[in-house]
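Below: one structure, written as structure tokens.
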Protein chains: 2
Amino acid sequence: MTNSLIRPYRPSDALALWQVIGPAIRAGDVYAVPRDMAEADALAWWAAGDHQAFVHEREGEVVGSYFIRPNQLGGGAHVANAGYATRLDARGQGVARAMCEHSQEQAAAQGFRLMQFNFVIASNVGAVTLWQRCGFSIVGTVPEAFSHPRLGYVDAHIMVKRL
Amino acid sequence: MTNSLIRPYRPSDALALWQVIGPAIRAGDVYAVPRDMAEADALAWWAAGDHQAFVHEREGEVVGSYFIRPNQLGGGAHVANAGYATRLDARGQGVARAMCEHSQEQAAAQGFRLMQFNFVIASNVGAVTLWQRCGFSIVGTVPEAFSHPRLGYVDAHIMVKRL
């Protein structure tokens, strides 16, 4: 039986987190951040400021991570936003789905009423399908919002779920 | 004939800018920022960091302001975002429309291909209608995304225009 848990990110996870998010940032095909972002900047983007980061550990090893944060301030602060990443060699094994469910529980427990993804790149079909299976709906699509390194301009979806 | 121009914001415009954005922030019904935000924080939000701010001057007096910025980084950096504010006593006189047109010219000249508004509060019917007249389309609506001080939870639209 696999020994898995999802727990808050700690600074000592930095190297393991980079191994999770680094390849995806360098590939430039799923996150709207610079492909050549320095490692320190990437870690700060993911896990500092108003982001609360968590890691998914399996057999004591970090195989995925997510963050949640308020999507807006003031009158929009009851809507959570989140980002997810799974280490390349751990994909297709339910890691992202488990993190998505955990993030919704965390957000609900903190009083958020909705969760919104602002920028789900349409060519990332695996993610779109998974979020739909997790109960998220596409509420809008921005045409050609993302310049994909191989596909050119592709659409980005806004996806929402009530918590 | 009215003597109007739109020009880059300067630090010496700070007091005039606060007179434009302050009442709207304190009313808490159009921007997703804290209603009780300190003046210095509000000015920094509007006109610092990656925001390029402009002011609309009429007869030498600042009656409106807007900012543009990249809506995302990396592969999303070709989409501009913008925010607009018109001083209470100058509303209904074409100030916002002139700023919207100016902002599109600025964004296009800087190489942005689209402009996206992430959070147009549905109860702000004047804004929704004006942006539609300026060529923006509602590409999505997030249900109950904004807690309005009088109306309770109201929807927020995502609006987009190709430049």
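Chain identifiers are assigned as A, B, and so on, following the order in which chains appear in the structure tokens; residues are numbered from 1 within each chain, and ligands are numbered from 1 in order of appearance.
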With a distance cut-off of 8 Å and only C-alpha atoms, select the neighbouring residues of A:Val63, excluding the residue or stretch itself and same-chain residues fewer than 3 positions from it, and output the selection as a list in words.
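Listed by chain and then number, they are Val20, Val55, His56, Glu57, Arg58, Thr86, Arg87, Ala90 and Val95 of chain A.
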Exercise: A:Ala145 partners within 8 Å, only C-alpha atoms, chain neighbours under 2 positions left out, as number ranges by chain
A: 142-143, 147, 153-156; B: 76, 78-79, 114
Preceding selection exported with all heavy atoms as an mmCIF file, in the first residue's frame:
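Final file, again_37.cif:
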data_model
loop_
_atom_site.group_PDB
_atom_site.id
_atom_site.type_symbol
_atom_site.label_atom_id
_atom_site.label_comp_id
_atom_site.auth_asym_id
_atom_site.auth_seq_id
_atom_site.Cartn_x
_atom_site.Cartn_y
_atom_site.Cartn_z
ATOM 1 N N VAL A 142 -10.754 32.723 -23.211
ATOM 2 C CA VAL A 142 -10.116 33.882 -23.827
ATOM 3 C C VAL A 142 -9.373 33.387 -25.072
ATOM 4 O O VAL A 142 -8.493 32.528 -24.972
ATOM 5 C CB VAL A 142 -9.143 34.575 -22.860
ATOM 6 C CG1 VAL A 142 -8.527 35.806 -23.514
ATOM 7 C CG2 VAL A 142 -9.868 34.960 -21.572
ATOM 8 N N PRO A 143 -9.751 33.903 -26.244
ATOM 9 C CA PRO A 143 -9.153 33.400 -27.478
ATOM 10 C C PRO A 143 -7.672 33.781 -27.584
ATOM 11 O O PRO A 143 -7.293 34.923 -27.308
ATOM 12 C CB PRO A 143 -9.964 34.110 -28.565
ATOM 13 C CG PRO A 143 -10.495 35.346 -27.922
ATOM 14 C CD PRO A 143 -10.703 35.015 -26.469
ATOM 15 N N SER A 147 0.702 32.013 -25.785
ATOM 16 C CA SER A 147 1.620 31.706 -26.876
ATOM 17 C C SER A 147 2.363 30.423 -26.520
ATOM 18 O O SER A 147 3.272 30.420 -25.690
ATOM 19 C CB SER A 147 2.594 32.873 -27.047
ATOM 20 O OG SER A 147 3.562 32.553 -28.004
ATOM 21 N N TYR A 153 -0.527 30.425 -30.896
ATOM 22 C CA TYR A 153 -1.510 30.992 -29.971
ATOM 23 C C TYR A 153 -2.636 30.000 -29.708
ATOM 24 O O TYR A 153 -3.254 29.498 -30.656
ATOM 25 C CB TYR A 153 -2.082 32.296 -30.524
ATOM 26 C CG TYR A 153 -1.065 33.409 -30.505
ATOM 27 C CD1 TYR A 153 -0.473 33.874 -31.673
ATOM 28 C CD2 TYR A 153 -0.666 33.984 -29.299
ATOM 29 C CE1 TYR A 153 0.486 34.875 -31.652
ATOM 30 C CE2 TYR A 153 0.288 34.986 -29.264
ATOM 31 C CZ TYR A 153 0.860 35.429 -30.441
ATOM 32 O OH TYR A 153 1.808 36.419 -30.402
ATOM 33 N N VAL A 154 -2.871 29.726 -28.441
ATOM 34 C CA VAL A 154 -3.956 28.823 -28.045
ATOM 35 C C VAL A 154 -4.852 29.538 -27.025
ATOM 36 O O VAL A 154 -4.441 30.508 -26.379
ATOM 37 C CB VAL A 154 -3.420 27.493 -27.448
ATOM 38 C CG1 VAL A 154 -2.658 26.692 -28.505
ATOM 39 C CG2 VAL A 154 -2.538 27.753 -26.242
ATOM 40 N N ASP A 155 -6.069 29.047 -26.890
ATOM 41 C CA ASP A 155 -7.041 29.655 -25.987
ATOM 42 C C ASP A 155 -6.715 29.318 -24.521
ATOM 43 O O ASP A 155 -5.998 28.359 -24.236
ATOM 44 C CB ASP A 155 -8.449 29.137 -26.294
ATOM 45 C CG ASP A 155 -8.905 29.498 -27.705
ATOM 46 O OD1 ASP A 155 -8.242 30.327 -28.360
ATOM 47 O OD2 ASP A 155 -9.933 28.941 -28.144
ATOM 48 N N ALA A 156 -7.268 30.111 -23.620
ATOM 49 C CA ALA A 156 -7.175 29.794 -22.186
ATOM 50 C C ALA A 156 -8.577 29.827 -21.598
ATOM 51 O O ALA A 156 -9.376 30.706 -21.926
ATOM 52 C CB ALA A 156 -6.270 30.788 -21.470
ATOM 53 N N GLY B 76 1.696 34.353 -21.738
ATOM 54 C CA GLY B 76 0.480 35.174 -21.693
ATOM 55 C C GLY B 76 0.760 36.663 -21.734
ATOM 56 O O GLY B 76 -0.148 37.476 -21.561
ATOM 57 N N HIS B 78 1.331 38.734 -24.044
ATOM 58 C CA HIS B 78 0.832 39.533 -25.177
ATOM 59 C C HIS B 78 -0.598 40.015 -24.940
ATOM 60 O O HIS B 78 -1.195 40.642 -25.801
ATOM 61 C CB HIS B 78 0.900 38.708 -26.471
ATOM 62 C CG HIS B 78 0.044 37.489 -26.425
ATOM 63 N ND1 HIS B 78 0.378 36.374 -25.695
ATOM 64 C CD2 HIS B 78 -1.156 37.215 -26.977
ATOM 65 C CE1 HIS B 78 -0.571 35.462 -25.811
ATOM 66 N NE2 HIS B 78 -1.515 35.948 -26.584
ATOM 67 N N VAL B 79 -1.135 39.736 -23.761
ATOM 68 C CA VAL B 79 -2.491 40.189 -23.413
ATOM 69 C C VAL B 79 -2.371 41.293 -22.372
ATOM 70 O O VAL B 79 -1.756 41.099 -21.323
ATOM 71 C CB VAL B 79 -3.351 39.041 -22.854
ATOM 72 C CG1 VAL B 79 -4.771 39.519 -22.553
ATOM 73 C CG2 VAL B 79 -3.370 37.857 -23.823
ATOM 74 N N LEU B 114 -4.152 41.545 -27.461
ATOM 75 C CA LEU B 114 -5.512 41.548 -26.927
ATOM 76 C C LEU B 114 -5.535 42.411 -25.674
ATOM 77 O O LEU B 114 -4.495 42.642 -25.051
ATOM 78 C CB LEU B 114 -5.960 40.148 -26.488
ATOM 79 C CG LEU B 114 -6.183 39.068 -27.522
ATOM 80 C CD1 LEU B 114 -5.028 38.081 -27.486
ATOM 81 C CD2 LEU B 114 -7.497 38.341 -27.290
#
Please provide the set of residues having any atom within 6 Å of stretch 67-74 of chain B, restricted to only C-alpha atoms, with same-chain residues fewer than 2 positions apart removed, written as a ChimeraX atom specification.
/A:32-34 /B:50-53,76-77,79-83
Would you save the residues of that selection, restricted to N, CA, C and O atoms, as a short mmCIF file (atom, residue, chain, number, x, y, z; two decimals), in the first residue's frame?
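Output (selection37.cif):
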data_model
loop_
_atom_site.label_atom_id
_atom_site.label_comp_id
_atom_site.auth_asym_id
_atom_site.auth_seq_id
_atom_site.Cartn_x
_atom_site.Cartn_y
_atom_site.Cartn_z
N ALA A 32 1.68 30.58 -17.12
CA ALA A 32 1.95 31.88 -17.72
C ALA A 32 3.01 32.63 -16.92
O ALA A 32 2.76 33.68 -16.32
N VAL A 33 4.20 32.04 -16.88
CA VAL A 33 5.37 32.68 -16.28
C VAL A 33 6.53 32.52 -17.25
O VAL A 33 6.50 31.64 -18.12
N PRO A 34 7.58 33.33 -17.13
CA PRO A 34 8.69 33.23 -18.08
C PRO A 34 9.37 31.86 -18.01
O PRO A 34 9.66 31.36 -16.91
N ASP B 50 4.20 46.90 -12.08
CA ASP B 50 4.12 46.70 -13.54
C ASP B 50 2.95 47.47 -14.17
O ASP B 50 2.63 47.25 -15.33
N HIS B 51 2.35 48.36 -13.41
CA HIS B 51 1.26 49.20 -13.95
C HIS B 51 1.83 50.47 -14.58
O HIS B 51 2.60 51.17 -13.95
N GLN B 52 1.45 50.75 -15.80
CA GLN B 52 1.74 52.05 -16.41
C GLN B 52 0.48 52.88 -16.30
O GLN B 52 -0.54 52.55 -16.91
N ALA B 53 0.55 53.98 -15.56
CA ALA B 53 -0.66 54.79 -15.34
C ALA B 53 -0.65 56.04 -16.21
O ALA B 53 0.41 56.61 -16.51
N GLY B 76 1.70 34.35 -21.74
CA GLY B 76 0.48 35.17 -21.69
C GLY B 76 0.76 36.66 -21.73
O GLY B 76 -0.15 37.48 -21.56
N ALA B 77 2.02 37.04 -22.00
CA ALA B 77 2.42 38.45 -21.87
C ALA B 77 1.98 39.32 -23.04
O ALA B 77 2.21 40.53 -23.03
N VAL B 79 -1.13 39.74 -23.76
CA VAL B 79 -2.49 40.19 -23.41
C VAL B 79 -2.37 41.29 -22.37
O VAL B 79 -1.76 41.10 -21.32
N ALA B 80 -2.95 42.46 -22.68
CA ALA B 80 -2.92 43.58 -21.75
C ALA B 80 -4.14 43.51 -20.83
O ALA B 80 -5.18 42.97 -21.20
N ASN B 81 -3.97 44.06 -19.65
CA ASN B 81 -5.07 44.28 -18.73
C ASN B 81 -5.11 45.78 -18.45
O ASN B 81 -4.10 46.47 -18.60
N ALA B 82 -6.26 46.32 -18.08
CA ALA B 82 -6.35 47.75 -17.78
C ALA B 82 -7.40 48.00 -16.72
O ALA B 82 -8.29 47.17 -16.50
N GLY B 83 -7.27 49.12 -16.03
CA GLY B 83 -8.28 49.58 -15.07
C GLY B 83 -8.50 51.06 -15.29
O GLY B 83 -7.57 51.78 -15.66
#
Identify, on the basis of only C-alpha atoms, every residue whose closest approach to stretch 6-11 of chain B does not exceed 12 Å; exclude the query and any residue fewer than 2 positions from it along the same chain; express the result as a PyMOL selection string.
chain B and resi 3-4+13-18+40+43-44+46-48+51-68+95-103+105-106
Hey, can you check how far atom CA of B:Gly135 sits from atom CA of A:Phe146?
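Atom-to-atom, atom CA of B:Gly135 to atom CA of A:Phe146, that is 21.1 Å.
A straight line drawn from atom CA of A:Met159 to atom CA of B:Cys134 is 26.1 Å long.
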Could you pull out the strand (DSSP E) residues of stretch 16-146 of chain A, going by DSSP on the backbone, and write them as a PyMOL selection string?
chain A and resi 52-58+61-70+79-86+114-121+137-146
Determine, counting only C-alpha atoms, which protein, DNA and RNA residues have an atom within 12 Å of an atom of B:Val139; residues of the same chain fewer than 5 positions away are not included. Present the result as a list in words.
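Everything that qualifies: Ile138, Val139, Gly140, Thr141, Val142, Pro143, Asp155, Ala156, His157 and Ile158 of chain A; Gln116, Phe117, Asn118, Phe119, Val120, Gln132, Ala156, His157, Ile158, Met159, Val160 and Lys161 of chain B.
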Looking only at alpha helix (DSSP H) from DSSP on the backbone, list the matching residues of chain A as a ChimeraX atom specification.
/A:14-27,39-47,95-109,125-133
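Note that the spacing between atom CA of B:Ala127 and atom CA of B:Gly111 amounts to 25.3 Å.
Proximity of A:Arg26, A:Arg35, A:Arg150, A:Arg91 to chain B, computed with only C-alpha atoms, is greatest for A:Arg35.
Ranking B:Gly28, B:Asp41, B:Trp131, B:Phe136 by their shortest atom-to-atom distance to chain A, with only C-alpha atoms included, puts B:Gly28 first.
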